[in-house]
$ cat input.csv   # CSV, C-alpha atoms and all ligand atoms
chain,number,residue,atom,x,y,z
A,1,MET,CA,-8.8,23.2,4.5
A,2,SER,CA,-8.2,23.8,0.8
A,3,ALA,CA,-4.6,23.8,-0.4
A,4,ARG,CA,-2.9,27.0,-1.5
A,5,VAL,CA,-1.1,26.7,-4.8
A,6,LEU,CA,2.0,28.9,-5.3
A,7,PRO,CA,4.4,29.1,-8.2
A,8,ALA,CA,7.4,26.9,-7.5
A,9,GLY,CA,9.7,29.3,-9.2
A,10,GLU,CA,9.2,32.1,-6.7
A,11,ALA,CA,11.6,32.5,-3.8
A,12,GLU,CA,8.8,33.5,-1.4
A,13,ALA,CA,6.8,30.4,-2.2
A,14,ILE,CA,9.9,28.2,-1.5
A,15,ALA,CA,10.5,30.1,1.8
A,16,GLU,CA,6.8,29.5,2.8
A,17,ALA,CA,7.0,25.8,1.9
A,18,ALA,CA,10.2,25.4,3.9
A,19,ARG,CA,8.5,27.0,7.0
A,20,ILE,CA,5.6,24.6,6.7
A,21,ILE,CA,7.9,21.6,6.5
A,22,ARG,CA,9.9,22.8,9.5
A,23,ARG,CA,6.7,23.3,11.5
A,24,GLY,CA,5.6,19.7,10.8
A,25,GLY,CA,3.2,20.4,7.9
A,26,LEU,CA,2.8,18.8,4.5
A,27,VAL,CA,3.9,20.4,1.2
A,28,ALA,CA,3.3,18.9,-2.3
A,29,PHE,CA,6.2,19.7,-4.6
A,30,PRO,CA,7.3,18.9,-8.1
A,31,THR,CA,10.1,16.5,-8.8
A,32,GLU,CA,11.4,15.5,-12.2
A,33,THR,CA,9.5,12.2,-11.8
A,34,VAL,CA,6.1,12.9,-10.2
A,35,TYR,CA,4.8,15.3,-7.5
A,36,GLY,CA,5.7,14.3,-4.0
A,37,LEU,CA,3.9,14.8,-0.7
A,38,GLY,CA,6.6,16.0,1.6
A,39,ALA,CA,7.2,16.1,5.4
A,40,ASN,CA,10.3,16.6,7.5
A,41,ALA,CA,11.8,13.1,7.6
A,42,PHE,CA,12.9,13.5,11.2
A,43,ASP,CA,9.5,14.5,12.5
A,44,ALA,CA,7.5,11.3,13.1
A,45,GLN,CA,4.2,13.1,13.6
A,46,ALA,CA,4.5,14.9,10.3
A,47,VAL,CA,5.4,11.7,8.6
A,48,ALA,CA,2.3,10.1,10.2
A,49,ARG,CA,0.2,12.8,8.6
A,50,VAL,CA,1.6,11.8,5.2
A,51,PHE,CA,0.3,8.2,5.7
A,52,GLU,CA,-3.0,9.5,6.9
A,53,ALA,CA,-3.4,12.0,4.0
A,54,LYS,CA,-2.7,9.3,1.4
A,55,ALA,CA,-4.6,6.5,3.3
A,56,ARG,CA,-1.4,4.7,2.8
A,57,PRO,CA,-0.9,1.4,4.7
A,58,ALA,CA,1.8,1.6,7.4
A,59,PHE,CA,3.8,-1.3,5.9
A,60,ASP,CA,4.7,0.8,2.8
A,61,PRO,CA,7.9,2.8,3.5
A,62,LEU,CA,8.6,6.3,2.1
A,63,ILE,CA,11.5,7.6,0.1
A,64,VAL,CA,13.7,10.2,1.7
A,65,HIS,CA,14.9,13.1,-0.5
A,66,LEU,CA,18.3,14.7,0.1
A,67,LEU,CA,19.9,17.8,-1.4
A,68,SER,CA,23.1,15.9,-2.2
A,69,ALA,CA,24.9,12.6,-1.7
A,70,ALA,CA,27.0,14.4,0.9
A,71,GLU,CA,23.9,14.3,3.2
A,72,LEU,CA,23.7,10.5,3.1
A,73,PRO,CA,25.3,10.0,6.5
A,74,ARG,CA,22.3,11.8,8.1
A,75,VAL,CA,20.0,8.9,7.2
A,76,VAL,CA,22.2,6.0,6.1
A,77,ARG,CA,24.3,3.8,8.4
A,78,ALA,CA,27.3,2.4,6.5
A,79,SER,CA,29.1,3.7,3.5
A,80,ASP,CA,28.9,1.5,0.5
A,81,PRO,CA,31.6,1.8,-2.2
A,82,ARG,CA,29.0,1.2,-5.0
A,83,VAL,CA,27.0,4.3,-3.9
A,84,THR,CA,29.8,6.8,-4.9
A,85,GLY,CA,29.8,5.7,-8.5
A,86,LEU,CA,26.0,5.5,-8.8
A,87,ALA,CA,25.6,8.9,-7.2
A,88,GLU,CA,28.1,10.5,-9.5
A,89,ARG,CA,26.4,9.0,-12.5
A,90,PHE,CA,22.7,9.3,-11.6
A,91,TRP,CA,22.2,12.0,-8.9
A,92,PRO,CA,20.6,14.3,-9.0
A,93,GLY,CA,18.0,12.3,-10.9
A,94,PRO,CA,15.3,9.6,-10.8
A,95,LEU,CA,17.2,6.8,-9.0
A,96,THR,CA,16.3,5.7,-5.4
A,97,LEU,CA,18.9,3.5,-3.6
A,98,VAL,CA,17.8,1.3,-0.7
A,99,LEU,CA,20.5,1.3,1.9
A,100,PRO,CA,20.9,0.4,5.6
A,101,ARG,CA,19.1,2.9,7.7
A,102,ARG,CA,20.4,5.0,10.6
A,103,GLU,CA,18.5,4.5,13.8
A,104,GLU,CA,17.9,8.2,14.3
A,105,LEU,CA,15.6,8.2,11.4
A,106,PRO,CA,12.0,7.6,12.7
A,107,GLU,CA,10.8,4.1,12.1
A,108,ILE,CA,7.6,5.2,10.6
A,109,VAL,CA,9.5,6.6,7.6
A,110,THR,CA,10.8,3.1,6.7
A,111,ALA,CA,7.8,1.2,7.9
A,112,GLY,CA,9.9,-0.5,10.5
A,113,LEU,CA,12.4,-1.8,7.9
A,114,ASP,CA,16.2,-1.7,8.7
A,115,SER,CA,16.8,-0.1,5.3
A,116,VAL,CA,15.8,3.3,3.8
A,117,GLY,CA,15.1,4.4,0.2
A,118,VAL,CA,17.0,7.6,-0.6
A,119,ARG,CA,17.2,9.8,-3.6
A,120,VAL,CA,18.6,13.2,-4.7
A,121,PRO,CA,15.9,14.9,-6.9
A,122,ALA,CA,17.0,17.0,-9.9
A,123,HIS,CA,13.9,19.3,-10.2
A,124,PRO,CA,15.0,22.9,-9.3
A,125,ALA,CA,11.9,23.4,-7.1
A,126,ALA,CA,12.6,20.2,-5.1
A,127,ARG,CA,16.2,21.3,-4.7
A,128,ALA,CA,15.3,24.8,-3.6
A,129,LEU,CA,12.8,23.4,-1.0
A,130,LEU,CA,15.4,20.9,0.4
A,131,ALA,CA,18.0,23.7,0.6
A,132,ALA,CA,15.6,26.1,2.4
A,133,ALA,CA,14.1,23.5,4.8
A,134,GLU,CA,17.6,22.2,5.7
A,135,THR,CA,16.2,18.8,6.5
A,136,PRO,CA,15.8,15.5,4.5
A,137,ILE,CA,12.2,15.3,3.2
A,138,ALA,CA,10.2,12.1,3.3
A,139,ALA,CA,7.9,12.1,0.3
A,140,PRO,CA,5.7,9.5,-1.4
A,141,SER,CA,3.9,10.4,-4.6
A,142,ALA,CA,1.2,12.9,-3.9
A,143,ASN,CA,-1.8,10.7,-4.7
A,144,PRO,CA,-4.2,8.6,-2.7
A,145,PHE,CA,-2.7,5.2,-2.1
A,146,GLY,CA,-3.2,2.9,-5.1
A,147,TYR,CA,-4.2,5.6,-7.6
A,148,VAL,CA,-2.4,7.0,-10.6
A,149,SER,CA,0.6,9.3,-9.5
A,150,PRO,CA,0.3,13.1,-10.1
A,151,THR,CA,2.4,14.8,-12.8
A,152,THR,CA,0.8,18.2,-12.5
A,153,ALA,CA,-0.2,20.5,-9.5
A,154,ALA,CA,-3.8,20.2,-10.7
A,155,HIS,CA,-3.6,16.4,-10.2
A,156,VAL,CA,-2.5,16.9,-6.6
A,157,VAL,CA,-5.3,19.4,-5.8
A,158,GLU,CA,-7.9,17.2,-7.4
A,159,ARG,CA,-7.3,14.3,-5.0
A,160,LEU,CA,-5.4,15.7,-2.0
A,161,GLY,CA,-6.4,19.4,-2.0
A,162,ASP,CA,-8.0,19.3,1.4
A,163,VAL,CA,-5.2,17.5,3.2
A,164,VAL,CA,-2.1,19.3,2.0
A,165,HIS,CA,-1.2,22.7,3.3
A,166,LEU,CA,0.6,24.0,0.2
A,167,VAL,CA,1.2,22.9,-3.4
A,168,LEU,CA,4.2,24.2,-5.2
A,169,ASP,CA,3.2,24.4,-8.9
A,170,GLY,CA,6.2,23.7,-11.2
A,171,GLY,CA,4.3,22.6,-14.2
A,172,PRO,CA,4.2,19.1,-15.7
A,173,CYS,CA,6.9,16.7,-14.4
A,174,PRO,CA,9.5,16.1,-17.2
A,175,VAL,CA,10.1,12.4,-16.6
A,176,GLY,CA,6.5,11.5,-15.7
A,177,LEU,CA,7.3,8.1,-14.0
A,178,GLU,CA,8.6,7.4,-10.5
A,179,SER,CA,12.2,6.8,-9.8
A,180,THR,CA,13.9,3.5,-10.4
A,181,ILE,CA,14.4,1.8,-7.0
A,182,LEU,CA,17.6,-0.2,-6.7
A,183,SER,CA,18.1,-2.2,-3.5
A,184,LEU,CA,21.8,-2.4,-2.4
A,185,VAL,CA,20.8,-4.3,0.7
A,186,ALA,CA,19.8,-7.2,-1.5
A,187,GLU,CA,22.6,-9.5,-2.7
A,188,PRO,CA,22.9,-9.4,-5.6
A,189,PRO,CA,21.5,-5.9,-6.1
A,190,LEU,CA,17.8,-6.0,-7.2
A,191,VAL,CA,15.6,-3.5,-9.0
A,192,LEU,CA,12.5,-3.2,-6.8
A,193,ARG,CA,10.7,-0.9,-9.2
A,194,PRO,CA,11.6,0.0,-12.8
A,195,GLY,CA,11.4,3.8,-13.3
A,196,GLY,CA,13.0,6.9,-14.7
A,197,VAL,CA,16.5,5.5,-15.0
A,198,ALA,CA,16.6,2.6,-17.4
A,199,LYS,CA,17.7,-0.8,-16.1
A,200,GLU,CA,20.3,-1.0,-18.9
A,201,GLN,CA,22.0,2.2,-17.7
A,202,LEU,CA,22.3,0.7,-14.1
A,203,GLU,CA,23.6,-2.5,-15.5
A,204,ARG,CA,26.3,-0.7,-17.4
A,205,ALA,CA,27.2,1.4,-14.4
A,206,LEU,CA,27.4,-1.7,-12.1
A,207,GLY,CA,29.0,-3.9,-14.7
A,208,ARG,CA,26.5,-6.7,-14.1
A,209,THR,CA,23.0,-7.8,-15.1
A,210,LEU,CA,20.1,-6.9,-12.7
A,211,ALA,CA,16.9,-8.8,-12.0
A,212,VAL,CA,13.6,-7.0,-11.4
A,213,ALA,CA,11.7,-8.1,-8.3
A,214,ALA,CA,8.5,-9.9,-9.0
A,215,SER,CA,5.3,-8.0,-8.0
A,216,SER,CA,3.2,-9.4,-5.2
A,217,SER,CA,0.1,-8.8,-3.3
A,218,ARG,CA,1.8,-9.7,0.0
A,219,PRO,CA,2.1,-6.7,2.4
A,220,THR,CA,5.6,-7.9,3.4
A,221,ALA,CA,6.9,-6.9,0.0
A,222,PRO,CA,6.5,-3.1,0.1
A,223,GLY,CA,6.3,-1.1,-3.1
A,224,GLN,CA,5.7,-4.2,-5.2
A,225,LEU,CA,1.9,-4.5,-4.9
A,226,ALA,CA,0.5,-6.2,-7.9
A,227,SER,CA,-2.4,-3.8,-8.1
A,228,HIS,CA,-1.4,-0.1,-7.9
A,229,TYR,CA,-1.4,3.0,-10.1
A,230,ALA,CA,-5.0,1.8,-10.9
A,231,THR,CA,-7.6,3.7,-12.8
A,232,ARG,CA,-11.2,3.3,-11.6
A,233,THR,CA,-12.0,2.2,-15.1
A,234,PRO,CA,-11.0,-1.5,-15.8
A,235,LEU,CA,-7.9,-1.5,-18.0
A,236,ARG,CA,-6.7,-4.2,-20.4
A,237,ILE,CA,-3.3,-4.5,-22.2
A,238,VAL,CA,-3.3,-5.6,-25.8
A,239,ASP,CA,-0.7,-6.1,-28.6
A,240,ASP,CA,-2.8,-4.8,-31.4
A,241,PRO,CA,-5.7,-2.5,-30.5
A,242,ARG,CA,-8.7,-3.3,-32.7
A,243,ALA,CA,-12.1,-1.5,-32.7
A,244,PRO,CA,-14.2,-2.8,-29.8
A,245,THR,CA,-16.9,-5.2,-30.8
A,246,GLY,CA,-18.9,-5.6,-27.6
A,247,PRO,CA,-21.3,-3.1,-26.0
A,248,GLY,CA,-20.2,-0.1,-23.9
A,249,ARG,CA,-17.8,2.8,-24.5
A,250,VAL,CA,-14.1,1.9,-24.6
A,251,GLY,CA,-11.2,4.2,-24.6
A,252,LEU,CA,-7.8,3.6,-26.3
A,253,LEU,CA,-4.5,4.4,-24.7
A,254,ALA,CA,-2.3,4.1,-27.8
A,255,PHE,CA,1.5,4.0,-27.7
A,256,GLY,CA,2.0,5.2,-31.3
A,257,PRO,CA,-0.3,7.1,-33.8
A,258,ARG,CA,-3.7,5.4,-34.3
A,259,THR,CA,-6.9,6.4,-35.8
A,260,GLY,CA,-8.8,4.9,-33.0
A,261,ALA,CA,-11.9,4.2,-35.1
A,262,GLY,CA,-14.7,2.6,-32.9
A,263,PHE,CA,-13.2,3.9,-29.6
A,264,ALA,CA,-15.1,6.4,-27.5
A,265,ALA,CA,-11.8,8.3,-26.8
A,266,VAL,CA,-8.2,8.0,-27.8
A,267,GLU,CA,-5.0,9.1,-26.1
A,268,VAL,CA,-1.8,8.8,-28.1
A,269,LEU,CA,1.3,8.7,-25.9
A,270,ALA,CA,4.0,9.3,-28.5
A,271,GLU,CA,3.4,10.2,-32.2
A,272,ASP,CA,7.1,9.6,-32.8
A,273,GLY,CA,7.2,6.3,-30.9
A,274,SER,CA,9.6,7.8,-28.3
A,275,LEU,CA,9.4,6.0,-25.0
A,276,THR,CA,10.6,9.1,-23.2
A,277,THR,CA,7.6,11.1,-24.5
A,278,ALA,CA,5.3,8.3,-23.7
A,279,ALA,CA,6.5,8.1,-20.1
A,280,ALA,CA,6.1,11.8,-19.6
A,281,ARG,CA,2.5,11.7,-20.8
A,282,LEU,CA,1.4,8.3,-19.4
A,283,PHE,CA,-0.2,9.3,-16.1
A,284,ALA,CA,-2.0,12.4,-17.3
A,285,ALA,CA,-3.4,10.4,-20.2
A,286,LEU,CA,-4.6,7.7,-17.9
A,287,ARG,CA,-6.3,10.3,-15.7
A,288,ARG,CA,-8.1,11.9,-18.7
A,289,LEU,CA,-9.4,8.6,-19.9
A,290,ASP,CA,-10.4,7.6,-16.3
A,291,ALA,CA,-12.4,10.9,-16.0
A,292,LEU,CA,-14.7,10.0,-18.9
A,293,GLY,CA,-16.8,7.3,-17.2
A,294,LEU,CA,-15.9,4.7,-19.8
A,295,ASP,CA,-16.7,1.0,-19.5
A,296,GLY,CA,-13.1,0.1,-20.2
A,297,ILE,CA,-9.7,1.2,-21.3
A,298,VAL,CA,-7.6,-0.7,-23.8
A,299,ALA,CA,-3.9,0.0,-23.5
A,300,GLU,CA,-1.4,-0.8,-26.3
A,301,ARG,CA,1.7,-2.7,-25.3
A,302,CYS,CA,5.1,-0.9,-25.9
A,303,PRO,CA,8.6,-2.3,-26.2
A,304,GLU,CA,10.1,-3.2,-22.8
A,305,THR,CA,13.4,-1.5,-23.3
A,306,GLY,CA,14.6,1.6,-21.6
A,307,LEU,CA,11.7,3.5,-20.1
A,308,GLY,CA,9.4,1.0,-21.7
A,309,LEU,CA,10.0,-1.4,-18.8
A,310,ALA,CA,8.6,1.1,-16.3
A,311,ILE,CA,5.7,2.0,-18.6
A,312,MET,CA,4.7,-1.6,-18.9
A,313,ASP,CA,5.2,-2.2,-15.2
A,314,ARG,CA,2.7,0.7,-14.4
A,315,LEU,CA,0.2,-0.5,-17.0
A,316,ARG,CA,0.3,-4.1,-15.7
A,317,ARG,CA,-0.3,-2.9,-12.1
A,318,ALA,CA,-3.1,-0.6,-13.4
A,319,ALA,CA,-4.6,-3.6,-15.1
A,320,ALA,CA,-4.4,-5.9,-12.0
A,321,ARG,CA,-7.5,-6.1,-9.8
A,322,ASP,CA,-7.2,-7.8,-6.5
B,1,LIG,O1,10.0,9.2,-8.1
B,1,LIG,C1,9.7,8.9,-6.9
B,1,LIG,O2,10.3,8.0,-6.4
B,1,LIG,C2,8.6,9.7,-6.2
B,1,LIG,C3,9.1,11.1,-6.0
B,1,LIG,C4,8.1,11.9,-5.2
B,1,LIG,O3,10.3,11.1,-5.4
B,1,LIG,N1,8.3,9.0,-5.0
B,1,LIG,C5,7.6,7.8,-5.0
B,1,LIG,O4,7.3,7.4,-3.7
B,1,LIG,O5,7.3,7.2,-6.0
B,1,LIG,P1,6.2,6.3,-3.4
B,1,LIG,O6,6.0,6.3,-1.9
B,1,LIG,O7,5.0,6.4,-4.2
B,1,LIG,O8,6.9,5.0,-3.7
B,1,LIG,C6,8.0,4.6,-3.0
B,1,LIG,C7,8.3,3.2,-3.0
B,1,LIG,C8,7.3,2.5,-2.1
B,1,LIG,O9,6.4,1.7,-2.8
B,1,LIG,C9,8.2,1.7,-1.1
B,1,LIG,O10,7.7,0.5,-0.9
B,1,LIG,C10,9.6,1.7,-1.8
B,1,LIG,O11,9.6,2.9,-2.5
B,1,LIG,N2,10.5,1.8,-0.7
B,1,LIG,C11,10.9,2.8,0.0
B,1,LIG,N3,11.8,2.5,1.0
B,1,LIG,C12,12.0,1.2,0.8
B,1,LIG,C13,12.8,0.2,1.5
B,1,LIG,N4,13.6,0.6,2.6
B,1,LIG,N5,12.8,-1.1,1.0
B,1,LIG,C14,12.1,-1.4,0.0
B,1,LIG,N6,11.3,-0.6,-0.7
B,1,LIG,C15,11.2,0.7,-0.3
B,2,MG,MG,3.3,6.0,-5.1
$ encode --input "input.csv" --output "structure tokens" --more "lines below"
Ligand code: TXA
Ligand code: MG
Amino acid sequence: MSARVLPAGEAEAIAEAARIIRRGGLVAFPTETVYGLGANAFDAQAVARVFEAKARPAFDPLIVHLLSAAELPRVVRASDPRVTGLAERFWPGPLTLVLPRREELPEIVTAGLDSVGVRVPAHPAARALLAAAETPIAAPSANPFGYVSPTTAAHVVERLGDVVHLVLDGGPCPVGLESTILSLVAEPPLVLRPGGVAKEQLERALGRTLAVAASSSRPTAPGQLASHYATRTPLRIVDDPRAPTGPGRVGLLAFGPRTGAGFAAVEVLAEDGSLTTAAARLFAALRRLDALGLDGIVAERCPETGLGLAIMDRLRRAAARD
């Protein structure tokens, strides 16, 4: 099977994608963060196919996508007063909330956990698909497990083209990094993954400081694997990129403008030093460098404020080898 690619802006493409979801198939679709690999969240067989397609370990739960916060009772057990304020402020958008799960939601979605990660995506194509499919959609990032997440339809086709039935092409994802995951089942609330909503924004909304969960290689800590988003090429983070002295071809992933003398290839994430621009370009730049067959990639550190926290989180996991 080779995936069909249809323009996400066309009504007929959305209708076809919704039919596939309702029949238990897999559709890759754009969100504002990264492309997702979607299945009907209430169809355990379809969700199992998502795990299979990604070669994703069964201990790693999926995020459930909803059209609006009004649909929360379909998948979430209790109502939490904090959710209303967060939903008003950040949904639709790149925030995932971990909440107590309803028993009706198949266990495979949450990897047997008693909680579920839910978010309301902002991308018009994701919203159109959710509206047409009339079911919550469970969707991880549409990449093989452990590899860099896809921010274009071509990225999806490149790695998962033979296992997904349809790819909706909505162009490059505007945010470019996955959603921020905030656990409200943890006490106090805990950021499980930095992402498209800055931690500072969540802290202001909740009126408290938030800790970020430590990464781990323990399978009991889903979504926090130390090594993830990894390029095939070994990657190293540096404060001040200097021309490589050793043998071999080394690529530079620069945060700001650099000449890159001595490097075999250079990717500049943001000429203007904007973290938002850098986030949107990060994964595509990593993939381009990774495709060159280099001996190494040197990545320049960026400030860890706003989206910089998520950028550095992804770079550290890309650098970790275990
Ligand atoms: O931006 C995003 O969140 C994208 C788009 C497609 O929505 N999705 C995404 O999914 O990044 P994925 O599967 O690549 O990452 C989801 C992470 C997992 O690593 C998982 O461990 C964590 O969310 N997660 C999901 N449900 C959880 C739960 N109940 N408790 C703790 N972590 C959870
Ligand atoms: Mg992922």
$ residues_around --input "input.csv" --residues "Gly146 in chain A" --least-positions-apart "3" --cutoff "8 Å" --atoms "only C-alpha atoms" --output "PyMOL selection string"
chain A and resi 143+227-230
$ residues_near_ligand --input "input.csv" --ligand "ligand MG 2 (chain B)" --cutoff "7 Å" --atoms "only C-alpha atoms and all ligand atoms" --output "JSON list (two decimals) with C-alpha atoms, in the coordinates of the input"
[["chain", "number", "residue", "atom", "x", "y", "z"],
["A", 140, "PRO", "CA", 5.70, 9.50, -1.40],
["A", 141, "SER", "CA", 3.90, 10.40, -4.60],
["A", 143, "ASN", "CA", -1.80, 10.70, -4.70],
["A", 145, "PHE", "CA", -2.70, 5.20, -2.10],
["A", 149, "SER", "CA", 0.60, 9.30, -9.50]]
$ atom_distance --input "input.csv" --atom1 "CA of Gly38 in chain A" --atom2 "CA of Val98 in chain A"
18.6 Å
$ residues_near_ligand --input "input.csv" --ligand "ligand LIG 1 (chain B)" --cutoff "6 Å" --atoms "only C-alpha atoms and all ligand atoms" --output "list in words"
Thr33, Val34, Tyr35, Gly36, Asp60, Pro61, Leu62, Ile63, Pro94, Val98, Thr110, Leu113, Ser115, Val116, Gly117, Ala139, Pro140, Ser141, Glu178, Ser179, Pro222 and Gly223 of chain A
$ atom_distance --input "input.csv" --atom1 "CA of Leu6 in chain A" --atom2 "CA of Tyr147 in chain A"
24.2 Å
$ closest_residue --input "input.csv" --among "A:Thr277, A:Thr31, A:Ser2, A:Ser215" --to "His123 in chain A" --atoms "all atoms listed in the file"
A:Thr31
$ residues_around --input "input.csv" --residues "Ala254 in chain A" --least-positions-apart "6" --cutoff "8 Å" --atoms "only C-alpha atoms" --output "PyMOL selection string"
chain A and resi 241+266-269+299-300
$ write_last_selection --input "input.csv" --atoms "C-alpha atoms" --output "PDB file, keeping the file's coordinate frame"
ATOM      1  CA  PRO A 241      -5.700  -2.500 -30.500  1.00  0.00           C
ATOM      2  CA  VAL A 266      -8.200   8.000 -27.800  1.00  0.00           C
ATOM      3  CA  GLU A 267      -5.000   9.100 -26.100  1.00  0.00           C
ATOM      4  CA  VAL A 268      -1.800   8.800 -28.100  1.00  0.00           C
ATOM      5  CA  LEU A 269       1.300   8.700 -25.900  1.00  0.00           C
ATOM      6  CA  ALA A 299      -3.900   0.000 -23.500  1.00  0.00           C
ATOM      7  CA  GLU A 300      -1.400  -0.800 -26.300  1.00  0.00           C
TER       8      GLU A 300
END
$ residues_around --input "input.csv" --residues "Gly85 in chain A" --least-positions-apart "4" --cutoff "9 Å" --atoms "only C-alpha atoms" --output "PyMOL selection string"
chain A and resi 81+89-90+205-206
$ residues_near_point --input "input.csv" --point "(19.0, 4.2, 13.7)" --cutoff "9 Å" --atoms "only C-alpha atoms" --output "JSON, numbers by chain"
{"A": [75, 76, 77, 101, 102, 103, 104, 105, 106, 107, 114]}
$ build_atoms --input "input.csv" --residues "range 282-305 of chain A" --atoms "N, CA and C atoms" --output "PDB file, in the coordinates of the input"
ATOM      1  N   LEU A 282       2.161   9.473 -19.779  1.00  0.00           N
ATOM      2  CA  LEU A 282       1.400   8.300 -19.400  1.00  0.00           C
ATOM      3  C   LEU A 282       0.304   8.611 -18.313  1.00  0.00           C
ATOM      4  N   PHE A 283       0.725   9.148 -17.173  1.00  0.00           N
ATOM      5  CA  PHE A 283      -0.200   9.300 -16.100  1.00  0.00           C
ATOM      6  C   PHE A 283      -1.323  10.297 -16.345  1.00  0.00           C
ATOM      7  N   ALA A 284      -0.964  11.408 -17.018  1.00  0.00           N
ATOM      8  CA  ALA A 284      -2.000  12.400 -17.300  1.00  0.00           C
ATOM      9  C   ALA A 284      -3.011  11.810 -18.312  1.00  0.00           C
ATOM     10  N   ALA A 285      -2.533  11.019 -19.274  1.00  0.00           N
ATOM     11  CA  ALA A 285      -3.400  10.400 -20.200  1.00  0.00           C
ATOM     12  C   ALA A 285      -4.364   9.392 -19.542  1.00  0.00           C
ATOM     13  N   LEU A 286      -3.812   8.614 -18.625  1.00  0.00           N
ATOM     14  CA  LEU A 286      -4.600   7.700 -17.900  1.00  0.00           C
ATOM     15  C   LEU A 286      -5.727   8.388 -17.088  1.00  0.00           C
ATOM     16  N   ARG A 287      -5.349   9.501 -16.463  1.00  0.00           N
ATOM     17  CA  ARG A 287      -6.300  10.300 -15.700  1.00  0.00           C
ATOM     18  C   ARG A 287      -7.426  10.838 -16.577  1.00  0.00           C
ATOM     19  N   ARG A 288      -7.047  11.340 -17.760  1.00  0.00           N
ATOM     20  CA  ARG A 288      -8.100  11.900 -18.700  1.00  0.00           C
ATOM     21  C   ARG A 288      -9.045  10.816 -19.089  1.00  0.00           C
ATOM     22  N   LEU A 289      -8.521   9.652 -19.445  1.00  0.00           N
ATOM     23  CA  LEU A 289      -9.400   8.600 -19.900  1.00  0.00           C
ATOM     24  C   LEU A 289     -10.304   8.140 -18.678  1.00  0.00           C
ATOM     25  N   ASP A 290      -9.696   8.091 -17.494  1.00  0.00           N
ATOM     26  CA  ASP A 290     -10.400   7.600 -16.300  1.00  0.00           C
ATOM     27  C   ASP A 290     -11.564   8.588 -15.950  1.00  0.00           C
ATOM     28  N   ALA A 291     -11.431   9.854 -16.341  1.00  0.00           N
ATOM     29  CA  ALA A 291     -12.400  10.900 -16.000  1.00  0.00           C
ATOM     30  C   ALA A 291     -13.668  10.807 -16.878  1.00  0.00           C
ATOM     31  N   LEU A 292     -13.622   9.991 -17.926  1.00  0.00           N
ATOM     32  CA  LEU A 292     -14.700  10.000 -18.900  1.00  0.00           C
ATOM     33  C   LEU A 292     -15.848   9.046 -18.585  1.00  0.00           C
ATOM     34  N   GLY A 293     -15.701   8.280 -17.519  1.00  0.00           N
ATOM     35  CA  GLY A 293     -16.800   7.300 -17.200  1.00  0.00           C
ATOM     36  C   GLY A 293     -16.952   6.239 -18.196  1.00  0.00           C
ATOM     37  N   LEU A 294     -15.854   5.779 -18.775  1.00  0.00           N
ATOM     38  CA  LEU A 294     -15.900   4.700 -19.800  1.00  0.00           C
ATOM     39  C   LEU A 294     -16.163   3.364 -19.150  1.00  0.00           C
ATOM     40  N   ASP A 295     -16.523   2.401 -19.992  1.00  0.00           N
ATOM     41  CA  ASP A 295     -16.700   1.000 -19.500  1.00  0.00           C
ATOM     42  C   ASP A 295     -15.388   0.277 -19.456  1.00  0.00           C
ATOM     43  N   GLY A 296     -14.434   0.728 -20.235  1.00  0.00           N
ATOM     44  CA  GLY A 296     -13.100   0.100 -20.200  1.00  0.00           C
ATOM     45  C   GLY A 296     -12.090   0.891 -20.935  1.00  0.00           C
ATOM     46  N   ILE A 297     -10.822   0.569 -20.627  1.00  0.00           N
ATOM     47  CA  ILE A 297      -9.700   1.200 -21.300  1.00  0.00           C
ATOM     48  C   ILE A 297      -8.843   0.081 -21.893  1.00  0.00           C
ATOM     49  N   VAL A 298      -8.489   0.234 -23.158  1.00  0.00           N
ATOM     50  CA  VAL A 298      -7.600  -0.700 -23.800  1.00  0.00           C
ATOM     51  C   VAL A 298      -6.244   0.000 -23.959  1.00  0.00           C
ATOM     52  N   ALA A 299      -5.185  -0.619 -23.439  1.00  0.00           N
ATOM     53  CA  ALA A 299      -3.900   0.000 -23.500  1.00  0.00           C
ATOM     54  C   ALA A 299      -2.965  -0.816 -24.427  1.00  0.00           C
ATOM     55  N   GLU A 300      -2.314  -0.104 -25.360  1.00  0.00           N
ATOM     56  CA  GLU A 300      -1.400  -0.800 -26.300  1.00  0.00           C
ATOM     57  C   GLU A 300      -0.070  -1.051 -25.677  1.00  0.00           C
ATOM     58  N   ARG A 301       0.409  -2.277 -25.850  1.00  0.00           N
ATOM     59  CA  ARG A 301       1.700  -2.700 -25.300  1.00  0.00           C
ATOM     60  C   ARG A 301       2.830  -1.853 -26.009  1.00  0.00           C
ATOM     61  N   CYS A 302       3.888  -1.506 -25.260  1.00  0.00           N
ATOM     62  CA  CYS A 302       5.100  -0.900 -25.900  1.00  0.00           C
ATOM     63  C   CYS A 302       6.283  -1.732 -25.647  1.00  0.00           C
ATOM     64  N   PRO A 303       7.365  -1.488 -26.386  1.00  0.00           N
ATOM     65  CA  PRO A 303       8.600  -2.300 -26.200  1.00  0.00           C
ATOM     66  C   PRO A 303       9.133  -2.168 -24.800  1.00  0.00           C
ATOM     67  N   GLU A 304       9.594  -3.265 -24.205  1.00  0.00           N
ATOM     68  CA  GLU A 304      10.100  -3.200 -22.800  1.00  0.00           C
ATOM     69  C   GLU A 304      11.567  -2.973 -22.721  1.00  0.00           C
ATOM     70  N   THR A 305      12.040  -1.952 -23.435  1.00  0.00           N
ATOM     71  CA  THR A 305      13.400  -1.500 -23.300  1.00  0.00           C
ATOM     72  C   THR A 305      13.441  -0.129 -22.767  1.00  0.00           C
TER      73      THR A 305
END
